[in-house]
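What follows is a set of notes on a single structure, which appears directly below.
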Amino acid sequence: MRIHARAWAIAASLVALTTCAPAAFAAGMTGDPAATCSSLAGPADGAVKIDTATLQTPTPLSVAEKGPTPSGRIIPANPAFCKVLGQITPTDPAAPPIKFEVNLPVEWNNRSLQYGGGGFNGVLISGLGLPPAYPFDKASPLALGFVTYGTDSGHEQKPGEPPQLFALNDEAFENFSHKAYKKVRDAARALIVRAYGKPPAKMYFMGSSEGGREALTMAQRYPDDFDGIFARVPVINWVGLQHAGTRSGLVTMGDGWIRPAQVKLVADAVLRACDTQDGSDDALVQDPVGCKAAFKPATLACAAGKSGDDCLTEKQIAAIETLHSPYKFPFPLANGLDDYPGWGVSGENTPAFGPTGGWKAWWLGSTAPAQPPAPTNGIAWIYGAGGMQYVFARDPKLDVTTYKPEDHKARVLQVSALMDSTDPDLSRFHARGGKLVMLEHMADYAQSPYAGIRYFENVEKKLGKDKVAEFARLYTAPGVDHVGSGAPANVDMLAVLVDWVENGKAPGDLEVREQKTEAPAFDTIRALPLCRWPAWPHYKSGPVIAAASFACAP
């Protein structure tokens with residue numbers, strides 16, 4: 001379904017009808033909503049303090065002219081709700097508080113939804129926007145009656161400061177790793193009991209990128225807390241990603257940097273090599289795994305003594321081969337992993353806009369990597385170089401070109417134990433009836449989709465494929481970048497989870513339709529109104545993974 005400018009009025013009307021439908025809701029607030037809401041302010045349980053609790057009036061849907069992601073432009077319609085802002089006091093006086101927002105609808109459907117964060121967090125997640133992969137024309141979870149909530153993970157990102165600065169404080173970093181999401185979940189549940197007189201019947205968590213890591217963290221560390229979890233493009237092996245991203249930046253310093261025209265050169269060559277392998281000329285690589293094996297960057301090498309935008313130098317070819325290759329650690333990390341998978345192919349030339357895009361957004365930036373990282377550098381270098389300095393070496397003046405993980409082994413292992421969501425033993429989550437859906441985007445350059453695929457395979461090895469099929473699904477999306485541009489990427493995963501958790505309907509293949517927000521910066525979704533994402537396993541057997549069976553039709 002395409003969403004054009006003229007359709008927004010219709011969509012807003014549909015949202016309003018959904019919001020006002022009383023049959024969809026199971027409960028209301030105890031007593032007068034305004035009085036109930038205001039009574040929530042003040043000290044709560046333990047270290048929890050409610051700063052404000054204010055009843056909000058219904059608001060209509062609106063679409064901003066610009067936004068950091070396609071869904072970021074959309075401000076969904078919301079019903080009357082109690083907006084609660086609070087904080088959790090740290091144990092260490094030098095650590096920041098954990099801030100959170102909980103939104104309590106006047107008409108409640110007996111469910112809650114926690115939103116994950118992104119990047120290094122440091123920004124309060126309101127829970128008022130669209131969750132990951134959500135269709136643009138569907139009523140928001142809050143409008144559907146869910147209590148929604150999110151947190152800043154226990155620190156505030158301030159302008160001009162490195163996003164990793166908070167990691168110098170142990171408690172702040174532990175909150176970021178997992179404790180903040182658990183504490184806020186418990187605080188939200190207590191508020192729900194106070195507002196409605198009972199706890200939620202079902203609790204859900206949805207997160208993307210860092211929020212996807214948080215989602216898997218909740219399933220692994222706190223298996224009794226959530227009934228349904230959705231993890232999109234999760235940063236599973238966090239330590240591996242920071243090191244591999246930094247390595248990819250180091251090889252593009254100086255002459256290894258690849259110019260924008262050369263990025264297009266590579267993207268066009270990938271399409272020539274692989275686009276028609278699936279039987280259609282749709283400018284979409286539907287078998288990215290097979291394409292990675294088929295495409296050879298060396299075929300674009302400059303002739304002896306030549307250079308320019310129509311070929312690649314030896315250093316540039318070496319940089320691409322480095323990006324495609326695993327990063328190997330000299331010692332095993334948490335759960336026995338000792339490497340981070342290389343990135344794949346396709347989507348190299350997806351336009352960059354904030355965190356949207358291909359190589360330019362995440363790997364190359366608009367200028368070669370610098371020390372300290374410049375705003376015009378690729379996000380992976382900004383994140384990775386700062387991670388080496390503030391998280392691992394804990395030396396803000398570190399020359400990143402001299403960093404070696406073996407020189408900081410104890411700290412690397414400590415961070416891996418805190419941050420890496422790679423524990424394949426989900427038996428407790430399964431035993432209590434939890435359901436998990438994962439989604440990997442195959443043209444993602446923020447993190448390697450192969451890390452998530454490998455994790456799912458490890459869960460199957462640990463528990464057995466038949467048992468995993470009872471509670472978990474993995475989907476992969478061809479041509480889609482980290483945040484949902486490049487190819488059809490929107491499907492109602494919240495409805496999928498609810499149907500599985502509450503009705504016992506396990507998801508199979510998912511139909512994903514093209515959606516646009518009518519902005520040139522986001523007009524990168526190809527003319528593919530429908531894709532089909534098969535449920536795992538949808539690859540033929542192989543040493544890692546081999547040919548895929550995606551289906552996208554123009």
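In the structure tokens, each chain is lettered A, B, ... as it comes, each chain's residues begin at 1, and ligands are numbered from 1 in order of appearance.
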May I have the residues within 8 Å of segment 90-99 of chain A as JSON, numbers by chain, using only C-alpha atoms and disregarding those fewer than 5 positions away in the same chain? {"A": [47, 85, 124, 151, 152, 153, 154, 155, 156, 169, 171, 172, 175, 180]}
Using only C-alpha atoms, which residues sit within 9 Å of segment 315-318 of chain A once same-chain residues fewer than 5 positions away are excluded, as a list in words? Val251, Thr252, Asp255, Gly256, Trp257, Ile258, Pro297, Ala298, Leu300, Ala301 and Leu323 of chain A
What's the separation between atom CA of Gly228 of chain A and atom CA of Tyr134 of chain A, in Å to one decimal place?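 Computing the Euclidean distance for atom CA of Gly228 of chain A and atom CA of Tyr134 of chain A yields 15.6 Å.
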How many Å separate atom CA of Glu101 of chain A from atom CA of Val84 of chain A?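 Separation of atom CA of Glu101 of chain A and atom CA of Val84 of chain A: 5.5 Å.
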Do a neighbour search on Leu40 of chain A at 10 Å with only C-alpha atoms, toss out local chain neighbours closer than 3 positions, and write the hits as a short mmCIF file (atom, residue, chain, number, x, y, z; two decimals) with all heavy atoms, in the first residue's frame.
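Everything below was put into selection14.cif:
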```cif
data_model
loop_
_atom_site.label_atom_id
_atom_site.label_comp_id
_atom_site.auth_asym_id
_atom_site.auth_seq_id
_atom_site.Cartn_x
_atom_site.Cartn_y
_atom_site.Cartn_z
N ALA A 35 -7.94 13.17 37.91
CA ALA A 35 -7.54 13.01 39.31
C ALA A 35 -6.58 11.83 39.48
O ALA A 35 -5.59 11.92 40.22
CB ALA A 35 -8.77 12.82 40.18
N THR A 36 -6.89 10.73 38.80
CA THR A 36 -6.01 9.56 38.87
C THR A 36 -4.62 9.89 38.35
O THR A 36 -3.60 9.52 38.94
CB THR A 36 -6.60 8.40 38.06
OG1 THR A 36 -7.87 8.04 38.61
CG2 THR A 36 -5.68 7.18 38.09
N CYS A 37 -4.59 10.61 37.24
CA CYS A 37 -3.30 10.97 36.63
C CYS A 37 -2.48 11.85 37.57
O CYS A 37 -1.31 11.56 37.85
CB CYS A 37 -3.55 11.67 35.31
SG CYS A 37 -2.05 12.15 34.43
N PRO A 43 7.02 10.97 45.08
CA PRO A 43 7.84 9.78 45.34
C PRO A 43 7.04 8.51 45.08
O PRO A 43 5.85 8.44 45.35
CB PRO A 43 8.22 9.92 46.81
CG PRO A 43 8.05 11.37 47.11
CD PRO A 43 6.91 11.84 46.26
N ALA A 44 7.72 7.49 44.54
CA ALA A 44 7.08 6.21 44.30
C ALA A 44 7.86 5.13 45.05
O ALA A 44 8.37 5.38 46.14
CB ALA A 44 7.02 5.94 42.80
N LYS A 49 11.05 8.26 41.35
CA LYS A 49 10.36 9.52 41.62
C LYS A 49 9.61 9.95 40.37
O LYS A 49 10.17 9.93 39.27
CB LYS A 49 11.36 10.61 42.01
CG LYS A 49 10.71 11.98 42.24
CD LYS A 49 11.74 13.08 42.45
CE LYS A 49 11.06 14.44 42.57
NZ LYS A 49 12.06 15.54 42.68
N ILE A 50 8.34 10.31 40.55
CA ILE A 50 7.54 10.79 39.43
C ILE A 50 7.57 12.31 39.45
O ILE A 50 7.06 12.95 40.38
CB ILE A 50 6.08 10.28 39.52
CG1 ILE A 50 6.06 8.76 39.63
CG2 ILE A 50 5.29 10.76 38.31
CD1 ILE A 50 6.77 8.04 38.51
N ASP A 51 8.18 12.91 38.45
CA ASP A 51 8.32 14.36 38.39
C ASP A 51 7.02 15.05 38.02
O ASP A 51 6.61 16.02 38.67
CB ASP A 51 9.42 14.74 37.40
CG ASP A 51 10.78 14.21 37.81
OD1 ASP A 51 11.11 14.28 39.01
OD2 ASP A 51 11.51 13.71 36.93
N THR A 52 6.37 14.58 36.97
CA THR A 52 5.10 15.16 36.54
C THR A 52 4.18 14.06 36.02
O THR A 52 4.65 13.04 35.48
CB THR A 52 5.30 16.20 35.41
OG1 THR A 52 5.87 15.57 34.26
CG2 THR A 52 6.19 17.34 35.87
N ALA A 53 2.89 14.28 36.14
CA ALA A 53 1.87 13.39 35.60
C ALA A 53 0.72 14.27 35.13
O ALA A 53 0.01 14.85 35.96
CB ALA A 53 1.41 12.38 36.65
N THR A 54 0.55 14.38 33.83
CA THR A 54 -0.39 15.34 33.26
C THR A 54 -1.29 14.68 32.23
O THR A 54 -0.81 13.98 31.34
CB THR A 54 0.38 16.50 32.58
OG1 THR A 54 1.39 17.00 33.47
CG2 THR A 54 -0.57 17.62 32.21
N CYS A 82 -2.47 9.88 30.09
CA CYS A 82 -1.71 10.49 31.19
C CYS A 82 -0.22 10.35 30.88
O CYS A 82 0.31 9.24 30.78
CB CYS A 82 -2.04 9.78 32.50
SG CYS A 82 -1.12 10.41 33.93
N VAL A 84 3.42 10.58 31.99
CA VAL A 84 4.18 10.51 33.24
C VAL A 84 5.67 10.62 32.94
O VAL A 84 6.20 9.83 32.15
CB VAL A 84 3.90 9.19 33.99
CG1 VAL A 84 4.74 9.12 35.26
CG2 VAL A 84 2.42 9.06 34.32
N LEU A 191 3.31 1.69 37.97
CA LEU A 191 2.42 2.80 37.62
C LEU A 191 1.12 2.30 37.01
O LEU A 191 0.04 2.85 37.27
CB LEU A 191 3.12 3.74 36.64
CG LEU A 191 4.13 4.73 37.23
CD1 LEU A 191 4.96 5.35 36.14
CD2 LEU A 191 3.39 5.80 38.04
N ARG A 194 -1.14 1.22 39.75
CA ARG A 194 -1.72 2.38 40.44
C ARG A 194 -2.82 3.05 39.61
O ARG A 194 -3.83 3.49 40.16
CB ARG A 194 -0.62 3.40 40.76
CG ARG A 194 0.36 2.94 41.83
CD ARG A 194 1.47 3.98 42.02
NE ARG A 194 0.94 5.26 42.46
CZ ARG A 194 1.66 6.38 42.54
NH1 ARG A 194 2.94 6.36 42.18
NH2 ARG A 194 1.11 7.51 42.96
N ALA A 195 -2.62 3.11 38.31
CA ALA A 195 -3.57 3.82 37.45
C ALA A 195 -4.82 3.02 37.15
O ALA A 195 -5.93 3.58 37.08
CB ALA A 195 -2.89 4.22 36.14
#
```
For the alpha helix (DSSP H) assignment from backbone DSSP, which residues of segment 35-247 of chain A qualify? Please present them as a ChimeraX atom specification. /A:35-38,170-174,180-196,210-221,238-247
For Lys328 of chain A, work out the shell of residues within 9 Å, counting only C-alpha atoms and skipping chain neighbours fewer than 2 positions away, then give it as a list of chain:residue names. A:Gly240, A:Ala244, A:Pro326, A:Pro330, A:Phe331, A:Asp338, A:Asp339, A:Tyr340, A:Pro341
With only C-alpha atoms as the counted atoms, please give the residues lying no more than 9 Å from segment 395-410 of chain A, apart from itself and same-chain residues fewer than 6 positions off, as a list in words. Leu165, His243, Thr246, Leu250, Phe329, Pro330, Phe331, Gln371, Pro372, Ala385, Gly386, Met388 and Gln389 of chain A
Include N, CA, C and O atoms and write out the residues we just selected as a short mmCIF file (atom, residue, chain, number, x, y, z; two decimals), in the first residue's frame.
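Result saved to part.cif:
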```cif
data_model
loop_
_atom_site.label_atom_id
_atom_site.label_comp_id
_atom_site.auth_asym_id
_atom_site.auth_seq_id
_atom_site.Cartn_x
_atom_site.Cartn_y
_atom_site.Cartn_z
N LEU A 165 30.78 9.46 26.19
CA LEU A 165 31.38 10.04 27.39
C LEU A 165 30.86 9.39 28.67
O LEU A 165 31.61 9.18 29.63
N HIS A 243 34.58 -2.81 17.22
CA HIS A 243 35.93 -3.07 16.71
C HIS A 243 35.94 -3.19 15.19
O HIS A 243 36.83 -2.64 14.52
N THR A 246 35.44 0.22 13.60
CA THR A 246 36.67 1.02 13.69
C THR A 246 37.69 0.57 12.65
O THR A 246 38.33 1.40 11.99
N LEU A 250 39.58 2.70 9.71
CA LEU A 250 41.04 2.83 9.60
C LEU A 250 41.53 2.56 8.18
O LEU A 250 42.45 3.22 7.69
N PHE A 329 39.11 -11.60 16.70
CA PHE A 329 39.70 -11.23 17.99
C PHE A 329 40.79 -12.23 18.37
O PHE A 329 40.71 -13.41 18.01
N PRO A 330 41.80 -11.80 19.13
CA PRO A 330 42.86 -12.71 19.57
C PRO A 330 42.45 -13.57 20.76
O PRO A 330 43.25 -14.38 21.25
N PHE A 331 41.22 -13.40 21.24
CA PHE A 331 40.71 -14.19 22.38
C PHE A 331 39.19 -14.21 22.27
O PHE A 331 38.58 -13.34 21.65
N GLN A 371 40.94 12.12 13.18
CA GLN A 371 41.06 12.03 14.63
C GLN A 371 41.21 13.43 15.20
O GLN A 371 42.14 14.14 14.80
N PRO A 372 40.32 13.84 16.14
CA PRO A 372 39.12 13.12 16.56
C PRO A 372 38.11 13.06 15.42
O PRO A 372 38.20 13.84 14.45
N ALA A 385 35.47 4.75 16.89
CA ALA A 385 36.65 5.42 17.44
C ALA A 385 36.38 5.93 18.85
O ALA A 385 37.21 5.79 19.76
N GLY A 386 35.20 6.51 19.04
CA GLY A 386 34.84 6.95 20.39
C GLY A 386 34.70 5.79 21.35
O GLY A 386 35.03 5.90 22.54
N MET A 388 36.46 3.00 21.26
CA MET A 388 37.81 2.59 21.66
C MET A 388 38.35 3.50 22.77
O MET A 388 38.98 3.04 23.73
N GLN A 389 38.08 4.81 22.64
CA GLN A 389 38.61 5.77 23.59
C GLN A 389 37.88 5.74 24.94
O GLN A 389 38.52 5.64 25.99
#
```
Between A:Ala201, A:Val345, A:Leu284, A:Ile75, single out the one closest to Phe146 of chain A, counting only C-alpha atoms.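 Of A:Ala201, A:Val345, A:Leu284, A:Ile75, the one nearest Phe146 of chain A is A:Ala201, counting only C-alpha atoms.
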From the DSSP assignment of the backbone, select every residue of segment 67-153 of chain A that is strand (DSSP E or B), and format the answer as a PyMOL selection string. chain A and resi 74-75+78+81-88+98-105+107-108+111-115+147-151
For the selection you just gave me, I'd like the residues written to a file as a CSV table (one decimal), in the first residue's frame, keeping N, CA and C atoms.
```
chain,number,residue,atom,x,y,z
A,74,ILE,N,6.7,11.0,10.9
A,74,ILE,CA,5.3,10.8,11.2
A,74,ILE,C,5.0,11.0,12.7
A,75,ILE,N,4.2,11.9,13.1
A,75,ILE,CA,3.7,12.0,14.4
A,75,ILE,C,2.3,11.5,14.5
A,78,ASN,N,-2.9,10.5,18.7
A,78,ASN,CA,-2.9,9.9,20.0
A,78,ASN,C,-4.2,10.3,20.7
A,81,PHE,N,-4.5,10.7,27.2
A,81,PHE,CA,-3.6,9.8,28.0
A,81,PHE,C,-2.9,10.6,29.1
A,82,CYS,N,-2.5,9.9,30.1
A,82,CYS,CA,-1.7,10.5,31.2
A,82,CYS,C,-0.2,10.3,30.9
A,83,LYS,N,0.4,11.5,30.7
A,83,LYS,CA,1.9,11.5,30.4
A,83,LYS,C,2.7,11.6,31.7
A,84,VAL,N,3.4,10.6,32.0
A,84,VAL,CA,4.2,10.5,33.2
A,84,VAL,C,5.7,10.6,32.9
A,85,LEU,N,6.3,11.6,33.5
A,85,LEU,CA,7.8,11.7,33.4
A,85,LEU,C,8.4,11.5,34.8
A,86,GLY,N,9.4,10.6,34.8
A,86,GLY,CA,10.0,10.3,36.1
A,86,GLY,C,11.5,10.0,36.0
A,87,GLN,N,12.1,9.6,37.1
A,87,GLN,CA,13.5,9.3,37.1
A,87,GLN,C,13.8,8.3,38.2
A,88,ILE,N,14.8,7.6,38.1
A,88,ILE,CA,15.3,6.6,39.1
A,88,ILE,C,16.7,7.0,39.6
A,98,ILE,N,18.2,7.7,35.8
A,98,ILE,CA,17.6,7.0,34.7
A,98,ILE,C,16.3,7.7,34.5
A,99,LYS,N,16.1,8.4,33.4
A,99,LYS,CA,14.9,9.1,33.1
A,99,LYS,C,13.9,8.2,32.3
A,100,PHE,N,12.6,8.4,32.4
A,100,PHE,CA,11.7,7.6,31.7
A,100,PHE,C,10.4,8.4,31.5
A,101,GLU,N,9.6,7.9,30.5
A,101,GLU,CA,8.3,8.4,30.2
A,101,GLU,C,7.4,7.2,30.1
A,102,VAL,N,6.2,7.3,30.7
A,102,VAL,CA,5.2,6.3,30.6
A,102,VAL,C,3.9,7.0,30.2
A,103,ASN,N,3.2,6.4,29.2
A,103,ASN,CA,2.0,7.0,28.7
A,103,ASN,C,0.8,6.1,28.9
A,104,LEU,N,-0.1,6.5,29.8
A,104,LEU,CA,-1.2,5.7,30.2
A,104,LEU,C,-2.5,6.2,29.6
A,105,PRO,N,-3.0,5.4,28.6
A,105,PRO,CA,-4.2,5.8,27.9
A,105,PRO,C,-5.5,5.8,28.8
A,107,GLU,N,-8.4,4.9,28.0
A,107,GLU,CA,-9.0,3.7,27.7
A,107,GLU,C,-7.9,2.7,27.3
A,108,TRP,N,-7.8,1.6,28.2
A,108,TRP,CA,-6.6,0.7,28.1
A,108,TRP,C,-7.0,-0.6,27.6
A,111,ARG,N,-2.7,-4.1,27.9
A,111,ARG,CA,-1.3,-4.5,27.4
A,111,ARG,C,-0.4,-3.3,27.6
A,112,SER,N,0.9,-3.6,27.6
A,112,SER,CA,2.0,-2.5,27.6
A,112,SER,C,3.0,-2.8,26.6
A,113,LEU,N,3.7,-1.8,26.1
A,113,LEU,CA,4.7,-1.9,25.1
A,113,LEU,C,5.9,-1.0,25.5
A,114,GLN,N,7.0,-1.6,25.7
A,114,GLN,CA,8.3,-0.8,26.0
A,114,GLN,C,9.0,-0.7,24.6
A,115,TYR,N,9.5,0.6,24.4
A,115,TYR,CA,10.2,0.9,23.2
A,115,TYR,C,11.7,0.9,23.5
A,147,VAL,N,-0.4,0.8,27.0
A,147,VAL,CA,0.5,1.7,27.7
A,147,VAL,C,1.8,1.6,27.0
A,148,THR,N,2.4,2.7,26.7
A,148,THR,CA,3.7,2.8,26.1
A,148,THR,C,4.8,3.5,27.0
A,149,TYR,N,6.0,3.1,26.9
A,149,TYR,CA,7.0,3.7,27.7
A,149,TYR,C,8.4,3.5,27.1
A,150,GLY,N,9.3,4.4,27.6
A,150,GLY,CA,10.7,4.3,27.1
A,150,GLY,C,11.6,5.1,28.1
A,151,THR,N,12.9,5.0,27.9
A,151,THR,CA,13.9,5.6,28.8
A,151,THR,C,15.1,6.2,28.0
```
Go through A:Ser140, A:Gln286, A:Ser177, A:Thr356 and flag the residue nearest Asp492 of chain A, using only C-alpha atoms for the distances.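 Going through A:Ser140, A:Gln286, A:Ser177, A:Thr356 one by one, the smallest distance to Asp492 of chain A is for A:Ser140.
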Fewer than 5 positions away in the same chain doesn't count, so skip those; otherwise give me all residues within 8 Å of segment 270-277 of chain A, counting only C-alpha atoms, as a JSON list (two decimals) with all heavy atoms, in the first residue's frame.
```json
[["chain", "number", "residue", "atom", "x", "y", "z"],
["A", 282, "ASP", "N", 14.91, -5.70, -11.41],
["A", 282, "ASP", "CA", 14.20, -4.79, -10.52],
["A", 282, "ASP", "C", 15.12, -3.90, -9.70],
["A", 282, "ASP", "O", 14.68, -3.25, -8.75],
["A", 282, "ASP", "CB", 13.27, -5.57, -9.58],
["A", 282, "ASP", "CG", 14.00, -6.67, -8.80],
["A", 282, "ASP", "OD1", 15.25, -6.65, -8.77],
["A", 282, "ASP", "OD2", 13.33, -7.56, -8.25],
["A", 283, "ALA", "N", 16.41, -3.89, -10.02],
["A", 283, "ALA", "CA", 17.41, -3.10, -9.28],
["A", 283, "ALA", "C", 17.44, -3.48, -7.81],
["A", 283, "ALA", "O", 17.75, -2.66, -6.95],
["A", 283, "ALA", "CB", 17.13, -1.60, -9.43],
["A", 284, "LEU", "N", 17.15, -4.76, -7.54],
["A", 284, "LEU", "CA", 17.15, -5.25, -6.17],
["A", 284, "LEU", "C", 17.86, -6.60, -6.13],
["A", 284, "LEU", "O", 17.52, -7.51, -6.90],
["A", 284, "LEU", "CB", 15.72, -5.40, -5.65],
["A", 284, "LEU", "CG", 15.57, -5.96, -4.23],
["A", 284, "LEU", "CD1", 16.07, -4.94, -3.21],
["A", 284, "LEU", "CD2", 14.12, -6.33, -3.94],
["A", 285, "VAL", "N", 18.84, -6.74, -5.23],
["A", 285, "VAL", "CA", 19.53, -8.01, -5.06],
["A", 285, "VAL", "C", 18.75, -8.86, -4.07],
["A", 285, "VAL", "O", 18.78, -8.61, -2.87],
["A", 285, "VAL", "CB", 20.98, -7.78, -4.57],
["A", 285, "VAL", "CG1", 21.66, -9.12, -4.29],
["A", 285, "VAL", "CG2", 21.77, -6.99, -5.59],
["A", 286, "GLN", "N", 18.02, -9.84, -4.61],
["A", 286, "GLN", "CA", 17.19, -10.67, -3.75],
["A", 286, "GLN", "C", 17.94, -11.85, -3.15],
["A", 286, "GLN", "O", 17.42, -12.54, -2.27],
["A", 286, "GLN", "CB", 15.96, -11.14, -4.52],
["A", 286, "GLN", "CG", 15.05, -9.98, -4.93],
["A", 286, "GLN", "CD", 13.75, -10.44, -5.53],
["A", 286, "GLN", "OE1", 13.19, -11.46, -5.13],
["A", 286, "GLN", "NE2", 13.24, -9.69, -6.49],
["A", 287, "ASP", "N", 19.15, -12.10, -3.62],
["A", 287, "ASP", "CA", 20.01, -13.14, -3.06],
["A", 287, "ASP", "C", 21.33, -12.51, -2.64],
["A", 287, "ASP", "O", 22.36, -12.67, -3.30],
["A", 287, "ASP", "CB", 20.25, -14.26, -4.08],
["A", 287, "ASP", "CG", 21.18, -15.34, -3.56],
["A", 287, "ASP", "OD1", 21.50, -15.33, -2.35],
["A", 287, "ASP", "OD2", 21.59, -16.20, -4.36],
["A", 291, "CYS", "N", 25.19, -13.22, -3.91],
["A", 291, "CYS", "CA", 25.84, -12.10, -4.58],
["A", 291, "CYS", "C", 27.19, -11.77, -3.93],
["A", 291, "CYS", "O", 28.14, -11.41, -4.63],
["A", 291, "CYS", "CB", 24.93, -10.88, -4.56],
["A", 291, "CYS", "SG", 25.58, -9.47, -5.49],
["A", 294, "ALA", "N", 29.58, -13.93, -5.45],
["A", 294, "ALA", "CA", 29.77, -13.71, -6.89],
["A", 294, "ALA", "C", 30.49, -12.42, -7.23],
["A", 294, "ALA", "O", 31.26, -12.36, -8.20],
["A", 294, "ALA", "CB", 28.41, -13.74, -7.60],
["A", 295, "PHE", "N", 30.28, -11.38, -6.43],
["A", 295, "PHE", "CA", 30.85, -10.08, -6.75],
["A", 295, "PHE", "C", 32.29, -9.97, -6.26],
["A", 295, "PHE", "O", 32.59, -10.24, -5.09],
["A", 295, "PHE", "CB", 30.02, -8.95, -6.12],
["A", 295, "PHE", "CG", 30.66, -7.60, -6.25],
["A", 295, "PHE", "CD1", 30.80, -6.99, -7.48],
["A", 295, "PHE", "CD2", 31.15, -6.94, -5.13],
["A", 295, "PHE", "CE1", 31.41, -5.75, -7.61],
["A", 295, "PHE", "CE2", 31.76, -5.70, -5.24],
["A", 295, "PHE", "CZ", 31.89, -5.10, -6.49],
["A", 345, "VAL", "N", 26.72, -7.28, 0.53],
["A", 345, "VAL", "CA", 26.66, -6.42, -0.64],
["A", 345, "VAL", "C", 25.22, -5.99, -0.89],
["A", 345, "VAL", "O", 24.29, -6.57, -0.32],
["A", 345, "VAL", "CB", 27.21, -7.13, -1.89],
["A", 345, "VAL", "CG1", 28.67, -7.49, -1.72],
["A", 345, "VAL", "CG2", 26.39, -8.39, -2.20],
["A", 346, "SER", "N", 25.06, -5.00, -1.74],
["A", 346, "SER", "CA", 23.80, -4.36, -2.16],
["A", 346, "SER", "C", 23.50, -3.16, -1.29],
["A", 346, "SER", "O", 23.87, -3.12, -0.11],
["A", 346, "SER", "CB", 22.62, -5.33, -2.18],
["A", 346, "SER", "OG", 22.08, -5.56, -0.90]]
```
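Shell of Ala27 of chain A at 10 Å, with only C-alpha atoms counted and residues fewer than 3 places along the chain excluded, is Pro22, Ala24, Thr30, Pro105, Val106, Glu107, Trp108, Asn109, Asn110, Gly145, Tyr196, Gly197 and Lys198 of chain A.
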Give me the residues of segment 333-427 of chain A that have any atom at most 8 Å from an atom of segment 456-474 of chain A; for each, the nearest atom pair and the distance in Å, rounded to one decimal. Use only C-alpha atoms, sort by chain and number, and format it as a tab-separated table.
```
residue	atom	partner	partner_atom	distance
A:Pro424	CA	A:Val459	CA	4.5
A:Asp425	CA	A:Val459	CA	6.5
A:Leu426	CA	A:Val459	CA	7.3
A:Ser427	CA	A:Leu463	CA	7.2
```
Would you export the selected residues with all heavy atoms as a PDB file, in the first residue's frame, please?
```pdb
ATOM      1  N   PRO A 424      22.797 -17.925  23.516  1.00  0.00           N
ATOM      2  CA  PRO A 424      21.790 -18.638  22.733  1.00  0.00           C
ATOM      3  C   PRO A 424      20.784 -19.430  23.575  1.00  0.00           C
ATOM      4  O   PRO A 424      19.826 -19.979  23.016  1.00  0.00           O
ATOM      5  CB  PRO A 424      22.640 -19.577  21.880  1.00  0.00           C
ATOM      6  CG  PRO A 424      23.811 -19.893  22.745  1.00  0.00           C
ATOM      7  CD  PRO A 424      24.099 -18.621  23.508  1.00  0.00           C
ATOM      8  N   ASP A 425      20.990 -19.478  24.871  1.00  0.00           N
ATOM      9  CA  ASP A 425      20.098 -20.274  25.715  1.00  0.00           C
ATOM     10  C   ASP A 425      18.855 -19.468  26.077  1.00  0.00           C
ATOM     11  O   ASP A 425      18.829 -18.727  27.060  1.00  0.00           O
ATOM     12  CB  ASP A 425      20.829 -20.725  26.983  1.00  0.00           C
ATOM     13  CG  ASP A 425      20.000 -21.721  27.794  1.00  0.00           C
ATOM     14  OD1 ASP A 425      18.856 -22.023  27.380  1.00  0.00           O
ATOM     15  OD2 ASP A 425      20.496 -22.181  28.831  1.00  0.00           O
ATOM     16  N   LEU A 426      17.818 -19.610  25.268  1.00  0.00           N
ATOM     17  CA  LEU A 426      16.541 -18.941  25.512  1.00  0.00           C
ATOM     18  C   LEU A 426      15.512 -19.907  26.100  1.00  0.00           C
ATOM     19  O   LEU A 426      14.303 -19.703  25.969  1.00  0.00           O
ATOM     20  CB  LEU A 426      16.012 -18.339  24.208  1.00  0.00           C
ATOM     21  CG  LEU A 426      16.867 -17.252  23.563  1.00  0.00           C
ATOM     22  CD1 LEU A 426      16.228 -16.772  22.259  1.00  0.00           C
ATOM     23  CD2 LEU A 426      17.069 -16.065  24.504  1.00  0.00           C
ATOM     24  N   SER A 427      15.983 -20.946  26.769  1.00  0.00           N
ATOM     25  CA  SER A 427      15.078 -21.979  27.276  1.00  0.00           C
ATOM     26  C   SER A 427      14.115 -21.437  28.325  1.00  0.00           C
ATOM     27  O   SER A 427      12.941 -21.829  28.365  1.00  0.00           O
ATOM     28  CB  SER A 427      15.879 -23.152  27.844  1.00  0.00           C
ATOM     29  OG  SER A 427      16.795 -22.722  28.838  1.00  0.00           O
TER      30      SER A 427
END
```
Using atom CA of Gln157 of chain A and atom CA of Phe120 of chain A as the two end points, give the distance in Å to one decimal.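 According to the coordinates, atom CA of Gln157 of chain A and atom CA of Phe120 of chain A are separated by 8.5 Å.
Using only C-alpha atoms, the shortest contact distance between Ser248 of chain A and any of A:Gly127, A:Gly342, A:Pro70, A:Pro355 is found at A:Gly342.
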